[in-house]
Amino acid sequence: MPEPGDRSVVPEHTVESVETKGTGLDQPIGWRELLRDFVKPGRAQVVFAAILLVLGLGVAMQVRTQAQQTDYTSMRRGDLVQMLDDLNSESRRLENEIAGLEETKRQLQGGADRERVAKEQAQRRLDVLAILGGTAPAQGPGIRIAIYDPNRKVTPELLLNTVEEMRDAGAEVIAINNTVRVVASTWFSAGPSGLLVDGHLVTVPISIDVIGDPHALTEATRFSGGLISEVQSPRIAGTVTVTTDDKVTITAVITPAVNKFAKPA
Amino acid sequence: MFAIVGLILGIALGIYLEPTLPVGLQPYLPIAIVAAMDALFGGFRAYLERVFDDRVFVVSFTSNVLIAALIVWVGDQIGVGAQLSTAVVVVLGIRIFTNAAAIRRSLFHA
């Protein structure tokens, strides 16, 4: 196939036709002639324009395609292998980091668990001690004792004995008249107007609410020489009723005094 | 004048219409572009040397593009497509430089 730039294979008639146009020059086309042809286009330039249009279209398409492609398609194999190696080592490094962080997370979770368990245990002990110390209301199964003492013959000793008997029988919380919580420091005495418990006057009838095993507590009031027999003896001539209750609620609490001398050792 | 208008129009069409070539033909577009550039330089050289001929130009343009694409296609079939496209680009590049040198001599006498 002849080429446009190859003079030797251009058919004779082309040369003739060019020469018969009247230019008649063997000299190449100069700037002036080029400018004239540029301003007054001929058929050749229309063909050129068509080819250039196709070329421009193709270049635009190719540039757009090239811009859409990722950079990796134009890379050499060695570069790609190098990049793959880099990515692999980076991936290993990140996996190690993940493992380390997981370990840290596990440790922290374990620490948090231990802290939570310790907190729960402390809370349980706090609850137990609050009930024991009488600083918190309590409820549970137990008995209610009512002592009717028309002759005002009940002595502080009898009340103290009763409390001791209740404690022997496993009483956990004791309150008198539901106003005085019986705790370690509770004292019993007799004042001019009647019995005093922790400084409170005990009104008649005396009611004692006890939380504990109802059966054992009831038995503890009945034995010979116990509360019931004492109160119903001729000396006091009172009456006692003991009722068991599945839910004895004791709302009487004490406000703990600040220790003046004792400190935690 | 028409030539410049044609080039600009082609680029504008390519940008704004966003025509897409079938995927199968895409590897041959760059080769076809290089072949077209070669034909254009050759045509301009022939024009400067007063031997330009429409028919020869169109036929040589078409055949150059087709042959270049065909060579690369055959190369792809036999597994040396990348090397053959390099070869085609090198050959066409040499021709472009040769034509450009001739054009330079015609216009600048240097």
# chains A, B, ... in the order shown; residues from 1 in each chain; ligands from 1
$ interface_residues --of "chain B" --to "chain A" --cutoff "9 Å" --atoms "only C-alpha atoms" --output "VMD selection string"
chain B and resid 1 to 15 18 to 21 26 29 to 30 32 to 33 36 to 37 39 to 54 56 to 61 63 to 64 99 106 to 108
$ write_last_selection --atoms "N, CA and C atoms" --output "short mmCIF file (atom, residue, chain, number, x, y, z; two decimals), in the first residue's frame"
data_model
loop_
_atom_site.label_atom_id
_atom_site.label_comp_id
_atom_site.auth_asym_id
_atom_site.auth_seq_id
_atom_site.Cartn_x
_atom_site.Cartn_y
_atom_site.Cartn_z
N MET B 1 -7.68 25.51 7.83
CA MET B 1 -8.75 25.98 8.72
C MET B 1 -9.69 24.84 9.07
N PHE B 2 -10.16 24.17 8.02
CA PHE B 2 -11.02 23.01 8.25
C PHE B 2 -10.33 21.98 9.12
N ALA B 3 -9.04 21.84 8.92
CA ALA B 3 -8.29 20.83 9.66
C ALA B 3 -8.37 21.09 11.15
N ILE B 4 -8.11 22.36 11.51
CA ILE B 4 -8.15 22.72 12.93
C ILE B 4 -9.56 22.49 13.48
N VAL B 5 -10.56 22.98 12.68
CA VAL B 5 -11.94 22.82 13.12
C VAL B 5 -12.27 21.34 13.33
N GLY B 6 -11.81 20.50 12.37
CA GLY B 6 -12.07 19.05 12.48
C GLY B 6 -11.46 18.47 13.73
N LEU B 7 -10.21 18.85 14.02
CA LEU B 7 -9.54 18.30 15.21
C LEU B 7 -10.29 18.69 16.49
N ILE B 8 -10.61 20.00 16.56
CA ILE B 8 -11.29 20.47 17.77
C ILE B 8 -12.65 19.80 17.91
N LEU B 9 -13.36 19.70 16.77
CA LEU B 9 -14.69 19.08 16.80
C LEU B 9 -14.59 17.63 17.28
N GLY B 10 -13.56 16.93 16.77
CA GLY B 10 -13.40 15.53 17.17
C GLY B 10 -13.16 15.40 18.66
N ILE B 11 -12.26 16.25 19.17
CA ILE B 11 -11.97 16.17 20.62
C ILE B 11 -13.21 16.51 21.42
N ALA B 12 -13.92 17.56 20.97
CA ALA B 12 -15.13 17.96 21.68
C ALA B 12 -16.15 16.85 21.68
N LEU B 13 -16.34 16.20 20.51
CA LEU B 13 -17.30 15.08 20.45
C LEU B 13 -16.88 13.98 21.43
N GLY B 14 -15.57 13.69 21.40
CA GLY B 14 -15.09 12.63 22.28
C GLY B 14 -15.33 12.96 23.74
N ILE B 15 -15.21 14.24 24.10
CA ILE B 15 -15.35 14.60 25.52
C ILE B 15 -16.81 14.65 25.92
N GLU B 18 -18.99 11.24 25.05
CA GLU B 18 -18.45 10.09 25.77
C GLU B 18 -18.76 8.77 25.08
N PRO B 19 -18.37 8.65 23.83
CA PRO B 19 -18.61 7.36 23.16
C PRO B 19 -17.70 6.30 23.75
N THR B 20 -18.19 5.10 23.82
CA THR B 20 -17.35 4.03 24.36
C THR B 20 -17.13 2.97 23.29
N LEU B 21 -15.92 2.55 23.23
CA LEU B 21 -15.55 1.50 22.29
C LEU B 21 -15.88 0.16 22.93
N GLN B 26 -10.81 -2.17 22.51
CA GLN B 26 -10.07 -1.15 23.24
C GLN B 26 -8.55 -1.29 23.17
N LEU B 29 -7.12 0.61 20.03
CA LEU B 29 -7.32 2.04 19.82
C LEU B 29 -6.01 2.82 19.90
N PRO B 30 -5.14 2.58 20.90
CA PRO B 30 -3.89 3.36 20.94
C PRO B 30 -3.05 3.14 19.70
N ALA B 32 -4.14 2.29 16.75
CA ALA B 32 -4.81 2.97 15.65
C ALA B 32 -4.54 4.46 15.69
N ILE B 33 -4.47 5.02 16.89
CA ILE B 33 -4.20 6.46 17.00
C ILE B 33 -2.80 6.78 16.50
N ALA B 36 -2.76 6.60 12.83
CA ALA B 36 -3.42 7.76 12.25
C ALA B 36 -2.51 8.98 12.29
N MET B 37 -1.75 9.12 13.39
CA MET B 37 -0.81 10.24 13.46
C MET B 37 0.25 10.12 12.39
N ALA B 39 -0.09 8.65 9.50
CA ALA B 39 -0.70 8.98 8.22
C ALA B 39 -0.85 10.48 8.06
N LEU B 40 -1.21 11.15 9.15
CA LEU B 40 -1.39 12.60 9.07
C LEU B 40 -0.07 13.31 8.76
N PHE B 41 0.99 12.90 9.46
CA PHE B 41 2.28 13.53 9.18
C PHE B 41 2.72 13.26 7.75
N GLY B 42 2.50 12.02 7.30
CA GLY B 42 2.86 11.67 5.93
C GLY B 42 2.07 12.50 4.93
N GLY B 43 0.78 12.68 5.24
CA GLY B 43 -0.05 13.45 4.32
C GLY B 43 0.39 14.90 4.26
N PHE B 44 0.74 15.45 5.41
CA PHE B 44 1.17 16.85 5.43
C PHE B 44 2.49 17.00 4.67
N ARG B 45 3.36 16.02 4.84
CA ARG B 45 4.64 16.07 4.12
C ARG B 45 4.39 16.04 2.61
N ALA B 46 3.47 15.13 2.19
CA ALA B 46 3.18 15.02 0.77
C ALA B 46 2.58 16.32 0.24
N TYR B 47 1.73 16.93 1.09
CA TYR B 47 1.15 18.21 0.66
C TYR B 47 2.24 19.24 0.44
N LEU B 48 3.21 19.30 1.38
CA LEU B 48 4.27 20.28 1.24
C LEU B 48 5.13 20.00 0.02
N GLU B 49 5.21 18.71 -0.35
CA GLU B 49 6.04 18.36 -1.50
C GLU B 49 5.22 18.31 -2.77
N ARG B 50 4.01 18.81 -2.73
CA ARG B 50 3.10 18.92 -3.87
C ARG B 50 2.76 17.58 -4.49
N VAL B 51 2.76 16.54 -3.70
CA VAL B 51 2.39 15.22 -4.26
C VAL B 51 1.17 14.68 -3.51
N PHE B 52 0.44 15.54 -2.80
CA PHE B 52 -0.69 15.05 -2.01
C PHE B 52 -1.82 14.61 -2.92
N ASP B 53 -2.43 13.48 -2.53
CA ASP B 53 -3.55 12.96 -3.30
C ASP B 53 -4.59 12.44 -2.32
N ASP B 54 -5.81 12.91 -2.47
CA ASP B 54 -6.88 12.53 -1.54
C ASP B 54 -7.01 11.03 -1.41
N VAL B 56 -5.11 8.52 -2.29
CA VAL B 56 -3.96 7.83 -1.70
C VAL B 56 -3.95 8.04 -0.18
N PHE B 57 -4.23 9.30 0.21
CA PHE B 57 -4.18 9.62 1.63
C PHE B 57 -5.23 8.82 2.42
N VAL B 58 -6.47 8.83 1.92
CA VAL B 58 -7.53 8.13 2.64
C VAL B 58 -7.25 6.64 2.70
N VAL B 59 -6.85 6.10 1.55
CA VAL B 59 -6.61 4.65 1.52
C VAL B 59 -5.43 4.29 2.42
N SER B 60 -4.37 5.11 2.39
CA SER B 60 -3.20 4.78 3.21
C SER B 60 -3.54 4.94 4.70
N PHE B 61 -4.32 5.98 5.01
CA PHE B 61 -4.73 6.14 6.40
C PHE B 61 -5.48 4.91 6.89
N SER B 63 -5.71 1.89 5.63
CA SER B 63 -4.97 0.63 5.64
C SER B 63 -3.94 0.62 6.76
N ASN B 64 -3.29 1.75 7.01
CA ASN B 64 -2.31 1.79 8.10
C ASN B 64 -2.97 1.45 9.42
N ASN B 99 8.95 11.74 8.88
CA ASN B 99 8.05 12.68 8.22
C ASN B 99 8.18 14.07 8.83
N SER B 106 11.14 21.13 4.70
CA SER B 106 10.37 21.86 3.70
C SER B 106 10.03 23.26 4.18
N LEU B 107 9.64 23.36 5.45
CA LEU B 107 9.15 24.65 5.93
C LEU B 107 10.28 25.59 6.35
N PHE B 108 11.27 25.00 7.01
CA PHE B 108 12.30 25.87 7.59
C PHE B 108 13.61 25.80 6.81
#
$ atom_distance --atom1 "CA of Asp198 (chain A)" --atom2 "CA of Glu157 (chain A)"
14.1 Å
$ atom_distance --atom1 "CA of Gly133 (chain A)" --atom2 "CA of Ala220 (chain A)"
23.0 Å
$ select_by_dssp --residues "chain B" --states "alpha helix (DSSP H)" --output "number ranges by chain"
B: 2-16, 29-48, 54-78, 81-108
$ closest_residue --among "B:Trp73, B:Tyr16, B:Ala100, B:Ile94" --to "Ile31 (chain B)" --atoms "only C-alpha atoms"
B:Trp73
$ atom_distance --atom1 "CA of Asp149 (chain A)" --atom2 "CA of Asp209 (chain A)"
17.0 Å
$ residues_around --residues "Tyr28 (chain B)" --least-positions-apart "3" --cutoff "10 Å" --atoms "only C-alpha atoms" --output "PyMOL selection string"
chain B and resi 24-25+31-33+65-66+68-73+85
$ residues_around --residues "His200 (chain A)" --least-positions-apart "6" --cutoff "12 Å" --atoms "only C-alpha atoms" --output "PyMOL selection string"
chain A and resi 176-182+186-191+193-194
$ write_last_selection --atoms "N, CA, C and O atoms" --output "CSV table (one decimal), in the first residue's frame"
chain,number,residue,atom,x,y,z
A,176,ILE,N,-38.3,-3.1,118.4
A,176,ILE,CA,-39.3,-3.1,119.5
A,176,ILE,C,-40.3,-1.9,119.2
A,176,ILE,O,-39.8,-0.8,118.9
A,177,ASN,N,-41.6,-2.2,119.2
A,177,ASN,CA,-42.6,-1.2,118.9
A,177,ASN,C,-42.4,-0.6,117.5
A,177,ASN,O,-42.9,0.4,117.2
A,178,ASN,N,-41.6,-1.3,116.7
A,178,ASN,CA,-41.2,-0.8,115.3
A,178,ASN,C,-40.7,0.6,115.3
A,178,ASN,O,-40.8,1.3,114.4
A,179,THR,N,-40.1,1.0,116.5
A,179,THR,CA,-39.5,2.3,116.5
A,179,THR,C,-38.0,2.2,116.9
A,179,THR,O,-37.2,3.0,116.6
A,180,VAL,N,-37.7,1.1,117.7
A,180,VAL,CA,-36.3,1.0,118.2
A,180,VAL,C,-35.8,-0.3,117.5
A,180,VAL,O,-36.3,-1.4,117.7
A,181,ARG,N,-34.7,-0.1,116.8
A,181,ARG,CA,-34.0,-1.2,116.2
A,181,ARG,C,-33.0,-1.7,117.2
A,181,ARG,O,-32.2,-1.0,117.7
A,182,VAL,N,-33.1,-3.0,117.5
A,182,VAL,CA,-32.2,-3.6,118.5
A,182,VAL,C,-30.9,-4.0,117.8
A,182,VAL,O,-30.9,-4.8,116.8
A,186,THR,N,-27.7,-1.6,121.8
A,186,THR,CA,-29.0,-1.3,122.4
A,186,THR,C,-28.9,-1.6,123.9
A,186,THR,O,-28.4,-2.6,124.3
A,187,TRP,N,-29.5,-0.7,124.7
A,187,TRP,CA,-29.5,-0.9,126.1
A,187,TRP,C,-31.0,-0.9,126.6
A,187,TRP,O,-31.8,-0.2,126.0
A,188,PHE,N,-31.2,-1.6,127.7
A,188,PHE,CA,-32.5,-1.6,128.3
A,188,PHE,C,-32.4,-1.1,129.7
A,188,PHE,O,-31.5,-1.5,130.5
A,189,SER,N,-33.4,-0.3,130.1
A,189,SER,CA,-33.4,0.1,131.5
A,189,SER,C,-34.8,0.5,131.9
A,189,SER,O,-35.7,0.6,131.0
A,190,ALA,N,-35.0,0.9,133.1
A,190,ALA,CA,-36.3,1.3,133.5
A,190,ALA,C,-36.2,2.8,134.0
A,190,ALA,O,-35.3,3.1,134.7
A,191,GLY,N,-37.2,3.5,133.5
A,191,GLY,CA,-37.2,4.9,133.9
A,191,GLY,C,-38.4,5.2,134.8
A,191,GLY,O,-39.2,4.2,135.1
A,193,SER,N,-41.2,6.6,134.1
A,193,SER,CA,-42.5,6.4,133.5
A,193,SER,C,-42.6,5.1,132.8
A,193,SER,O,-43.6,4.8,132.1
A,194,GLY,N,-41.6,4.2,132.9
A,194,GLY,CA,-41.7,2.9,132.2
A,194,GLY,C,-40.4,2.5,131.7
A,194,GLY,O,-39.3,3.0,132.0
$ closest_residue --among "B:Ala110, B:Thr62, B:Ala35, B:Gly75" --to "Ile96 (chain B)" --atoms "only C-alpha atoms"
B:Ala35
